[in-house]
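K.L.:
So here's data_36.cif, just mmCIF, C-alpha atoms (C1' of nucleotides):
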```cif
data_query
#
loop_
_atom_site.label_atom_id
_atom_site.label_comp_id
_atom_site.auth_asym_id
_atom_site.auth_seq_id
_atom_site.Cartn_x
_atom_site.Cartn_y
_atom_site.Cartn_z
CA MET A 49 -11.92 112.59 259.11
CA PRO A 50 -15.23 110.94 258.56
CA LEU A 51 -15.41 110.31 254.84
CA ILE A 52 -17.43 107.18 255.51
CA SER A 53 -20.63 109.08 256.25
CA VAL A 54 -20.25 111.05 253.03
CA LEU A 55 -19.93 107.80 251.10
CA ALA A 56 -22.86 106.27 252.94
CA LYS A 57 -25.05 109.20 251.99
CA MET A 58 -23.99 108.95 248.35
CA GLU A 59 -24.73 105.24 248.31
CA MET A 60 -28.14 105.66 249.94
CA ARG A 61 -29.07 108.61 247.74
CA GLY A 62 -28.34 106.61 244.61
CA ILE A 63 -28.68 107.85 241.05
CA SER A 64 -31.63 107.74 238.70
CA LEU A 65 -31.42 105.50 235.69
CA ASP A 66 -33.74 105.70 232.69
CA THR A 67 -34.18 102.05 231.78
CA ASP A 68 -36.13 102.83 228.59
CA ILE A 69 -33.00 104.37 227.12
CA LEU A 70 -30.94 101.30 227.97
CA LYS A 71 -33.61 98.92 226.64
CA ASP A 72 -33.62 100.80 223.35
CA LEU A 73 -29.83 100.79 223.10
CA SER A 74 -29.74 97.10 223.96
CA LEU A 75 -32.19 96.37 221.16
CA ARG A 76 -30.11 98.34 218.69
CA ALA A 77 -26.96 96.60 219.93
CA GLY A 78 -28.61 93.21 219.52
CA GLU A 79 -29.57 93.93 215.91
CA GLU A 80 -26.11 95.20 215.12
CA LEU A 81 -24.50 92.12 216.69
CA GLU A 82 -26.73 89.95 214.54
CA VAL A 83 -25.56 91.69 211.37
CA LEU A 84 -21.91 91.60 212.42
CA SER A 85 -21.89 87.96 213.47
CA ASP A 86 -23.63 86.83 210.26
CA GLU A 87 -20.96 88.55 208.22
CA ILE A 88 -18.16 87.18 210.42
CA TYR A 89 -19.53 83.63 210.00
CA ARG A 90 -19.83 84.14 206.23
CA LEU A 91 -16.22 85.29 205.94
CA SER A 92 -15.07 82.43 208.17
CA GLY A 93 -17.04 79.80 206.31
CA GLU A 94 -18.50 78.48 209.58
CA ASN A 95 -20.39 79.40 212.72
CA PHE A 96 -18.46 79.63 215.94
CA ASN A 97 -18.45 81.50 219.25
CA ILE A 98 -16.90 84.88 218.60
CA ASN A 99 -16.75 85.47 222.34
CA SER A 100 -14.36 82.59 222.82
CA PRO A 101 -10.77 83.78 222.32
CA LYS A 102 -9.79 80.18 221.74
CA GLN A 103 -12.24 79.61 218.88
CA LEU A 104 -11.66 83.06 217.45
CA GLY A 105 -7.89 82.59 217.48
CA GLU A 106 -8.16 79.27 215.69
CA ILE A 107 -10.41 80.75 212.99
CA LEU A 108 -8.28 83.83 212.41
CA PHE A 109 -4.79 82.41 212.68
CA GLU A 110 -5.19 78.79 211.63
CA LYS A 111 -8.14 78.53 209.27
CA LEU A 112 -7.73 81.96 207.65
CA LYS A 113 -3.98 82.05 208.23
CA LEU A 114 -3.82 85.71 209.17
CA PRO A 115 -0.29 86.94 209.95
CA GLY A 116 1.08 87.63 213.40
CA GLY A 117 -0.54 84.75 215.21
CA SER A 118 0.75 82.94 218.28
CA LYS A 119 1.39 84.78 221.47
CA THR A 120 0.77 83.03 224.77
CA LYS A 121 1.23 79.49 226.01
CA THR A 122 -2.51 78.85 226.04
CA GLY A 123 -2.92 79.78 222.40
CA TYR A 124 -3.36 82.85 220.24
CA SER A 125 -3.91 86.27 221.68
CA THR A 126 -6.87 88.03 220.10
CA SER A 127 -6.67 91.20 222.20
CA SER A 128 -7.37 94.49 220.50
CA ASN A 129 -3.64 95.24 220.62
CA VAL A 130 -3.10 92.27 218.32
CA LEU A 131 -6.17 92.80 216.12
CA GLU A 132 -5.96 96.58 215.72
CA PRO A 133 -3.00 96.57 213.27
CA LEU A 134 -4.78 93.95 211.13
CA LYS A 135 -8.14 95.64 210.82
CA ASP A 136 -7.34 97.79 207.76
CA HIS A 137 -6.17 94.74 205.80
CA TYR A 138 -8.76 92.19 206.86
CA ARG A 139 -12.43 93.08 206.93
CA ILE A 140 -13.19 90.20 209.28
CA VAL A 141 -10.87 91.66 211.91
CA SER A 142 -12.55 95.03 211.69
CA LEU A 143 -15.93 93.30 212.10
CA VAL A 144 -14.68 91.35 215.11
CA LEU A 145 -13.48 94.54 216.77
CA ASP A 146 -16.86 96.19 216.16
CA TYR A 147 -18.58 93.07 217.49
CA ARG A 148 -16.39 93.09 220.60
CA GLU A 149 -17.10 96.72 221.38
CA ILE A 150 -20.86 96.40 221.05
CA ASN A 151 -21.02 93.07 222.86
CA LYS A 152 -18.97 94.47 225.72
CA LEU A 153 -21.30 97.42 226.14
CA LYS A 154 -24.40 95.27 225.86
CA THR A 155 -23.38 92.57 228.31
CA THR A 156 -21.59 94.76 230.86
CA TYR A 157 -23.85 97.80 230.97
CA LEU A 158 -27.01 97.80 228.86
CA ASP A 159 -28.34 94.44 230.02
CA VAL A 160 -27.01 94.54 233.58
CA LEU A 161 -27.67 98.01 235.01
CA PRO A 162 -31.49 97.89 234.80
CA GLY A 163 -31.52 94.72 236.90
CA LEU A 164 -29.56 96.45 239.66
CA ILE A 165 -32.16 99.12 240.27
CA ASP A 166 -33.40 98.94 243.84
CA THR A 167 -37.07 98.00 243.85
CA PHE A 168 -37.73 100.18 246.86
CA THR A 169 -35.95 103.43 245.90
CA GLY A 170 -36.12 102.97 242.13
CA LYS A 171 -32.49 104.02 241.91
CA LEU A 172 -29.06 102.61 241.26
CA HIS A 173 -26.99 102.27 244.45
CA THR A 174 -23.32 101.54 244.02
CA SER A 175 -20.93 100.66 246.83
CA PHE A 176 -17.96 102.95 247.31
CA ASN A 177 -15.19 100.88 248.84
CA GLN A 178 -12.61 102.57 251.01
CA MET A 179 -10.38 99.62 251.89
CA ILE A 180 -9.61 98.06 248.54
CA THR A 181 -7.03 99.96 246.55
CA SER A 182 -3.36 100.17 247.38
CA THR A 183 -3.12 103.85 246.46
CA GLY A 184 -5.94 105.30 248.55
CA ARG A 185 -8.35 105.71 245.70
CA LEU A 186 -11.94 104.64 246.17
CA SER A 187 -13.32 101.76 244.20
CA SER A 188 -16.92 101.22 243.16
CA SER A 189 -18.79 97.96 242.81
CA ASN A 190 -22.26 96.47 242.37
CA PRO A 191 -22.31 98.16 239.93
CA ASN A 192 -19.00 99.82 239.24
CA LEU A 193 -20.06 103.38 238.36
CA GLN A 194 -16.48 104.54 237.94
CA ASN A 195 -16.10 102.93 234.53
CA ILE A 196 -19.18 104.01 232.63
CA PRO A 197 -18.08 104.36 228.97
CA VAL A 198 -17.21 107.74 227.52
CA ARG A 199 -14.61 107.19 224.79
CA THR A 200 -16.59 105.71 221.92
CA GLU A 201 -19.74 107.35 220.59
CA PHE A 202 -21.97 104.32 221.10
CA GLY A 203 -20.56 103.77 224.56
CA LYS A 204 -21.12 107.36 225.52
CA LEU A 205 -24.83 107.03 224.70
CA ILE A 206 -25.16 104.93 227.86
CA ARG A 207 -24.68 108.13 229.83
CA LYS A 208 -28.03 109.40 228.54
CA ALA A 209 -29.64 106.97 230.98
CA PHE A 210 -28.02 108.61 234.02
CA LYS A 211 -30.29 111.44 235.13
CA PRO A 212 -30.91 113.78 238.03
CA SER A 213 -33.53 112.71 240.55
CA SER A 214 -36.26 114.88 239.00
CA GLU A 215 -37.04 116.85 235.84
CA GLU A 216 -36.35 120.10 237.67
CA ASN A 217 -32.95 119.01 238.93
CA ILE A 218 -29.67 119.40 237.13
CA LEU A 219 -26.68 117.10 236.94
CA PHE A 220 -23.51 118.94 237.83
CA ALA A 221 -20.02 117.55 237.26
CA THR A 222 -16.71 118.98 238.36
CA ASP A 223 -13.29 117.63 237.73
CA TYR A 224 -9.78 118.52 238.74
CA SER A 225 -7.80 119.60 235.70
CA GLN A 226 -4.63 117.49 235.43
CA ILE A 227 -4.46 117.00 239.17
CA GLU A 228 -1.84 114.28 239.05
CA LEU A 229 0.51 116.23 236.81
CA ARG A 230 0.04 119.22 239.11
CA ILE A 231 1.01 117.06 242.06
CA LEU A 232 4.04 115.90 240.10
CA ALA A 233 4.89 119.56 239.44
CA HIS A 234 4.52 120.22 243.15
CA TYR A 235 6.71 117.35 244.34
CA SER A 236 9.32 117.64 241.61
CA ASP A 237 9.46 121.42 241.78
CA SER A 238 10.11 121.21 238.04
CA GLU A 239 10.49 124.74 236.76
CA ARG A 240 9.06 123.98 233.34
CA LEU A 241 6.10 122.09 234.69
CA ILE A 242 5.26 124.76 237.24
CA LYS A 243 5.60 127.54 234.70
CA ALA A 244 3.36 125.72 232.25
CA PHE A 245 0.63 125.35 234.87
CA GLN A 246 0.98 128.91 236.13
CA ASP A 247 0.57 130.19 232.59
CA GLY A 248 -2.41 127.92 232.01
CA ARG A 249 -0.75 126.19 229.06
CA ASP A 250 -1.86 122.93 227.46
CA ILE A 251 0.48 120.58 229.28
CA HIS A 252 0.48 117.78 226.70
CA SER A 253 1.34 120.11 223.82
CA GLU A 254 4.00 121.62 226.02
CA THR A 255 5.47 118.20 226.70
CA ALA A 256 5.37 117.43 222.98
CA ARG A 257 7.47 120.52 222.24
CA ASP A 258 9.96 119.39 224.83
CA ILE A 259 10.38 115.76 223.89
CA PHE A 260 10.48 116.56 220.15
CA GLU A 261 12.75 119.56 220.74
CA LEU A 262 10.53 122.08 218.99
CA PRO A 263 10.43 125.86 219.48
CA SER A 264 7.91 127.23 221.96
CA ASP A 265 5.66 128.56 219.19
CA ALA A 266 5.67 125.35 217.15
CA VAL A 267 2.31 123.98 216.12
CA ILE A 268 1.73 120.57 217.66
CA ASP A 269 -0.20 118.10 215.53
CA SER A 270 -2.52 115.54 217.05
CA SER A 271 -0.14 112.60 216.73
CA MET A 272 2.66 114.42 218.53
CA ARG A 273 0.26 115.47 221.25
CA ARG A 274 -1.00 111.93 221.55
CA ILE A 275 2.51 110.61 222.09
CA ALA A 276 3.26 113.30 224.66
CA LYS A 277 0.03 112.58 226.46
CA THR A 278 0.87 108.89 226.62
CA VAL A 279 4.34 109.72 227.95
CA ASN A 280 2.85 111.92 230.67
CA PHE A 281 0.33 109.23 231.44
CA GLY A 282 3.13 106.68 231.58
CA ILE A 283 5.20 108.71 234.02
CA LEU A 284 2.21 109.11 236.33
CA TYR A 285 1.13 105.51 236.25
CA GLY A 286 4.65 104.30 236.81
CA ILE A 287 4.79 102.50 233.52
CA SER A 288 8.02 101.08 232.07
CA ASP A 289 9.56 101.61 228.64
CA PHE A 290 8.06 98.24 227.78
CA GLY A 291 4.60 99.40 228.81
CA LEU A 292 5.00 102.68 226.95
CA SER A 293 6.10 100.91 223.79
CA ARG A 294 3.06 98.68 224.01
CA ASN A 295 0.70 101.62 224.55
CA LEU A 296 2.16 103.57 221.64
CA GLY A 297 2.67 100.58 219.36
CA ILE A 298 6.34 101.42 218.87
CA ASP A 299 9.45 99.46 219.70
CA ARG A 300 11.05 99.54 223.08
CA LYS A 301 14.12 101.49 221.97
CA GLU A 302 11.92 104.27 220.66
CA ALA A 303 9.91 104.36 223.87
CA LYS A 304 13.08 104.54 225.90
CA LYS A 305 14.19 107.51 223.79
CA TYR A 306 11.00 109.40 224.56
CA ILE A 307 11.39 108.75 228.26
CA GLU A 308 15.02 109.83 228.22
CA SER A 309 14.36 113.05 226.38
CA TYR A 310 11.50 113.70 228.79
CA PHE A 311 13.89 113.39 231.72
CA PHE A 312 16.44 115.56 229.95
CA LYS A 313 13.87 118.33 229.58
CA PHE A 314 12.31 117.83 233.01
CA PRO A 315 15.31 117.17 235.26
CA GLY A 316 13.22 118.02 238.31
CA VAL A 317 10.99 115.06 237.54
CA LYS A 318 14.00 112.79 237.21
CA ASP A 319 15.28 114.05 240.57
CA TYR A 320 11.90 113.45 242.16
CA ILE A 321 11.88 109.88 240.91
CA ASP A 322 15.40 109.20 242.22
CA ARG A 323 14.58 110.84 245.51
CA VAL A 324 11.36 108.96 246.13
CA ILE A 325 13.00 105.61 245.31
CA LEU A 326 15.82 106.32 247.78
CA GLU A 327 13.25 107.28 250.37
CA ALA A 328 11.43 104.00 249.79
CA ARG A 329 14.66 102.04 250.20
CA LYS A 330 15.51 103.88 253.42
CA ASN A 331 12.06 103.75 255.07
CA GLY A 332 10.42 100.78 253.41
CA TYR A 333 7.51 102.98 252.49
CA VAL A 334 6.51 106.19 250.70
CA THR A 335 3.88 108.70 251.79
CA THR A 336 1.17 110.85 250.29
CA ILE A 337 0.57 114.51 250.98
CA SER A 338 -1.59 113.71 254.00
CA GLY A 339 0.78 111.07 255.31
CA ARG A 340 -0.80 107.85 254.09
CA LYS A 341 1.89 105.19 253.77
CA ARG A 342 2.40 102.70 250.99
CA HIS A 343 4.70 99.95 252.18
CA LEU A 344 7.25 98.62 249.71
CA ASN A 345 8.81 95.64 251.39
CA ARG A 346 10.44 94.35 248.22
CA ILE A 347 11.95 97.63 247.00
CA SER A 348 15.44 96.10 247.34
CA ASP A 349 14.49 92.64 246.07
CA ARG A 350 17.23 90.85 244.14
CA ASN A 351 14.75 89.99 241.42
CA MET A 352 14.94 92.91 239.02
CA ASN A 353 11.33 92.63 237.86
CA ILE A 354 10.07 92.83 241.39
CA ARG A 355 12.44 95.66 242.25
CA LYS A 356 11.53 97.69 239.16
CA GLY A 357 7.88 97.07 239.86
CA GLU A 358 8.25 98.37 243.40
CA GLU A 359 10.15 101.39 242.13
CA ARG A 360 7.32 102.25 239.77
CA ILE A 361 4.92 102.00 242.67
CA ALA A 362 7.17 104.24 244.77
CA VAL A 363 6.98 106.90 242.06
CA ASN A 364 3.29 106.59 241.42
CA ALA A 365 1.83 106.03 244.88
CA PRO A 366 2.54 109.52 246.28
CA ILE A 367 1.05 111.11 243.15
CA GLN A 368 -2.06 109.02 242.71
CA GLY A 369 -2.50 108.71 246.46
CA SER A 370 -2.20 112.45 247.08
CA ALA A 371 -4.81 113.12 244.40
CA ALA A 372 -7.08 110.68 246.24
CA ASP A 373 -6.38 112.44 249.55
CA ILE A 374 -7.18 115.84 248.09
CA ILE A 375 -10.51 114.91 246.56
CA LYS A 376 -11.51 113.11 249.75
CA LEU A 377 -10.79 116.25 251.78
CA ALA A 378 -12.86 118.27 249.34
CA MET A 379 -15.73 115.79 249.57
CA ILE A 380 -15.83 116.03 253.35
CA GLN A 381 -15.84 119.81 253.31
CA ILE A 382 -18.41 120.09 250.55
CA ASP A 383 -20.65 117.65 252.36
CA ARG A 384 -20.31 119.57 255.62
CA GLU A 385 -21.22 122.89 254.04
CA ILE A 386 -24.18 121.47 252.11
CA ASP A 387 -25.33 120.01 255.40
CA ASP A 388 -24.80 123.22 257.41
CA ARG A 389 -26.77 125.23 254.88
CA LYS A 390 -29.51 122.62 254.84
CA LEU A 391 -29.40 122.28 251.05
CA LYS A 392 -31.19 119.45 249.31
CA THR A 393 -28.49 119.02 246.69
CA GLY A 394 -26.43 115.88 247.06
CA MET A 395 -23.20 114.36 245.85
CA VAL A 396 -24.00 111.23 243.86
CA LEU A 397 -20.76 109.94 242.34
CA GLN A 398 -17.01 110.19 242.67
CA VAL A 399 -14.84 109.10 239.76
CA HIS A 400 -11.30 109.57 241.05
CA ASP A 401 -10.76 113.20 240.05
CA GLU A 402 -14.38 114.04 239.40
CA LEU A 403 -17.51 114.67 241.49
CA ILE A 404 -21.11 114.48 240.29
CA PHE A 405 -24.00 116.23 242.01
CA ASP A 406 -27.76 116.15 241.75
CA ILE A 407 -28.67 119.82 242.11
CA PHE A 408 -32.08 120.96 243.31
CA PRO A 409 -33.88 124.01 241.87
CA GLY A 410 -32.68 127.32 243.27
CA GLU A 411 -29.47 125.88 244.68
CA PHE A 412 -27.37 125.95 241.54
CA ASP A 413 -25.28 129.07 242.09
CA THR A 414 -24.75 128.34 245.76
CA VAL A 415 -23.59 124.79 245.11
CA CYS A 416 -21.23 125.88 242.32
CA ARG A 417 -19.53 128.29 244.69
CA ILE A 418 -19.28 125.78 247.50
CA VAL A 419 -17.86 123.05 245.30
CA LYS A 420 -15.40 125.29 243.52
CA THR A 421 -14.10 126.75 246.74
CA HIS A 422 -13.62 123.50 248.59
CA MET A 423 -12.13 121.62 245.67
CA GLU A 424 -9.65 124.36 244.81
CA LYS A 425 -8.71 125.04 248.41
CA ALA A 426 -8.60 121.46 249.62
CA CYS A 427 -4.83 121.56 249.51
CA LYS A 428 -2.17 124.18 248.86
CA LEU A 429 0.33 123.09 246.25
CA GLY A 430 3.17 124.84 244.45
CA VAL A 431 0.82 125.17 241.48
CA PRO A 432 -2.82 126.21 241.42
CA LEU A 433 -5.50 123.53 241.61
CA ILE A 434 -7.96 124.17 238.81
CA VAL A 435 -11.46 122.76 238.65
CA GLU A 436 -13.61 122.47 235.52
CA PHE A 437 -17.39 122.51 235.50
CA LYS A 438 -20.13 120.92 233.44
CA LYS A 439 -23.90 120.71 233.75
CA GLY A 440 -26.69 118.99 231.93
CA ILE A 441 -30.05 117.26 231.93
CA ASP A 442 -28.27 113.89 231.91
CA TRP A 443 -24.72 112.52 232.02
CA TYR A 444 -24.47 112.62 228.21
CA HIS A 445 -25.60 116.18 227.55
CA MET A 446 -23.01 117.90 229.69
CA GLU A 447 -21.91 121.42 228.76
CA SER A 448 -18.88 123.21 230.11
CA PHE A 449 -19.30 126.51 231.86
CA GLN A 450 -17.30 128.87 234.04
CA VAL A 451 -17.80 129.57 237.70
CA LEU A 452 -16.42 132.95 238.71
"C1'" DG B 208 -20.37 75.60 240.87
"C1'" DC B 209 -15.69 77.35 241.07
"C1'" DG B 210 -11.43 79.34 239.62
"C1'" DA B 211 -8.23 80.47 235.90
"C1'" DT B 212 -7.82 82.98 231.74
"C1'" DC B 213 -8.85 86.45 228.43
"C1'" DA B 214 -10.77 90.70 227.32
"C1'" DG B 215 -12.05 95.62 227.92
"C1'" DC B 216 -14.14 99.67 230.56
"C1'" DA B 217 -12.57 104.03 233.44
"C1'" DA B 218 -9.66 107.70 236.02
"C1'" DC C 160 15.02 85.54 228.77
"C1'" DA C 161 10.50 87.07 229.06
"C1'" DT C 162 8.05 90.08 232.00
"C1'" DC C 163 5.59 94.70 232.67
"C1'" DG C 164 0.32 100.36 236.28
"C1'" DT C 165 -5.05 99.20 239.18
"C1'" DG C 166 -9.84 97.68 240.09
"C1'" DC C 167 -14.23 95.75 238.36
"C1'" DT C 168 -16.97 92.88 235.49
"C1'" DG C 169 -18.41 89.47 232.00
"C1'" DA C 170 -17.73 85.27 228.97
"C1'" DT C 171 -15.58 80.99 228.26
"C1'" DC C 172 -13.59 76.78 229.57
"C1'" DG C 173 -11.81 73.01 232.20
"C1'" DC C 174 -12.17 70.71 236.51
#
```
Please render this file's structure as structure tokens.

P.N.:
Amino acid sequence: MPLISVLAKMEMRGISLDTDILKDLSLRAGEELEVLSDEIYRLSGENFNINSPKQLGEILFEKLKLPGGSKTKTGYSTSSNVLEPLKDHYRIVSLVLDYREINKLKTTYLDVLPGLIDTFTGKLHTSFNQMITSTGRLSSSNPNLQNIPVRTEFGKLIRKAFKPSSEENILFATDYSQIELRILAHYSDSERLIKAFQDGRDIHSETARDIFELPSDAVIDSSMRRIAKTVNFGILYGISDFGLSRNLGIDRKEAKKYIESYFFKFPGVKDYIDRVILEARKNGYVTTISGRKRHLNRISDRNMNIRKGEERIAVNAPIQGSAADIIKLAMIQIDREIDDRKLKTGMVLQVHDELIFDIFPGEFDTVCRIVKTHMEKACKLGVPLIVEFKKGIDWYHMESFQVL
DNA sequence: GCGATCAGCAA
DNA sequence: CATCGTGCTGATCGC
């Protein structure tokens, strides 16, 4: 199972980066930061280092006496969780959050990536690490190309700099649709989950109907869907009611209610969780679909925090780890077929449930077929594995399309 | 110069 | 009684 050579090829191939785009964005970011910091200093009545949580906390919660201060032993927390609820009432908080976002993007991506371009190849070469994560996922470093921004509009602009290796080439991205929830459906054999996937339903809206006890034709508004999505996310990532309450900004009781009504509606999932925890206690480990083990030596620890933590891992590891196994299998097979057919197209990135290719002229249709086939057939589950496709002239301008 | 701490990005 | 998914990176701060 030689994935290593696939990764080596991806690393050596690298990806093209248009530094002019990043320089321009960095300039714009710098100007914006200037404006924001001036206004923050004016409202504070003094200059200080906005990047220092210590100084920022003292300004906000001592000098300006904003509510809700104090948090940790070292001082005030100024995390976005704390600041977010204050931003509609205090302009300075809103400015700080804007400042944080832009500064993060500037210092982590805009100003760093250009310096990492290899002087010989002219490309960006990440390292894909196989021996780091506890779940079997890959990690990426120097630079990490698995966390390039996508959620905010300004952040997403960074993706304009990621381009195919020539003007004639096309960037091609595929991703598994809800692979982890499909794996959960597979393992839990949950009737509702399986049915929803077989019918091609929107799984988060479906979950919303279930946890809010609404009829099957009920219209789901965005806030209900958001909650359901976070609940699904929480189940997969092995989060606790505490974690869920924090993510949703609700109290713990409320979060617990959502989780309980989820389990009431998806008893198969509850059974899966109980089963996998028992298995972990019996064997001291859990396994993924291809047999990778995650050892859980403290699953029966007398310290409840440790025990609960291990139990969350026991639930999550087979799901996240199996997803990692499946995409790795697909990568090996795709690479082999591209090689056999002597195509020039190459895989350039893997982002957990997503693969990015640099497609050469004339190879587009062939590569689409190859990738679709191997990704969808990498593993047979109790539900279909669905892959979604996008293409574009850069990583920003990506348009969905169908492959038949 | 190093490590601890805080913060925030992604799937 | 307070704690709370991972991995990667950058900035600050104290030693």

K.L.:
Apply the PyMOL selection byres ((chain B) within 8 of (chain A)) to the file shown and report the selected residues as a PyMOL selection string.

P.N.:
chain B and resi 213-218

K.L.:
With only C-alpha atoms as the basis for distance, which of A:Phe168, A:Thr200, A:Cys427, A:Ser253 is at the shortest distance from A:Val267?

P.N.:
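Closest candidate: A:Ser253.
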
K.L.:
Given the PyMOL selection byres ((chain C) within 8 of (chain A)) and the file above, list the residues it selects as a list in words.

P.N.:
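Selection result, ordered by chain and number: DT162, DC163, DG164, DT165, DG166, DC167, DT168, DG169, DA170 and DT171 of chain C.
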
K.L.:
Counting all atoms listed in the file, which of A:Glu385, A:Asp442, A:Glu302, A:Asp159 gets nearest to A:Ser74?

P.N.:
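Smallest distance to A:Ser74 is found for A:Asp159.
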
K.L.:
Hey, can you check how far atom CA of A:Phe437 sits from atom CA of A:Ile382?

P.N.:
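Atom-to-atom, atom CA of A:Phe437 to atom CA of A:Ile382, that is 15.3 Å.
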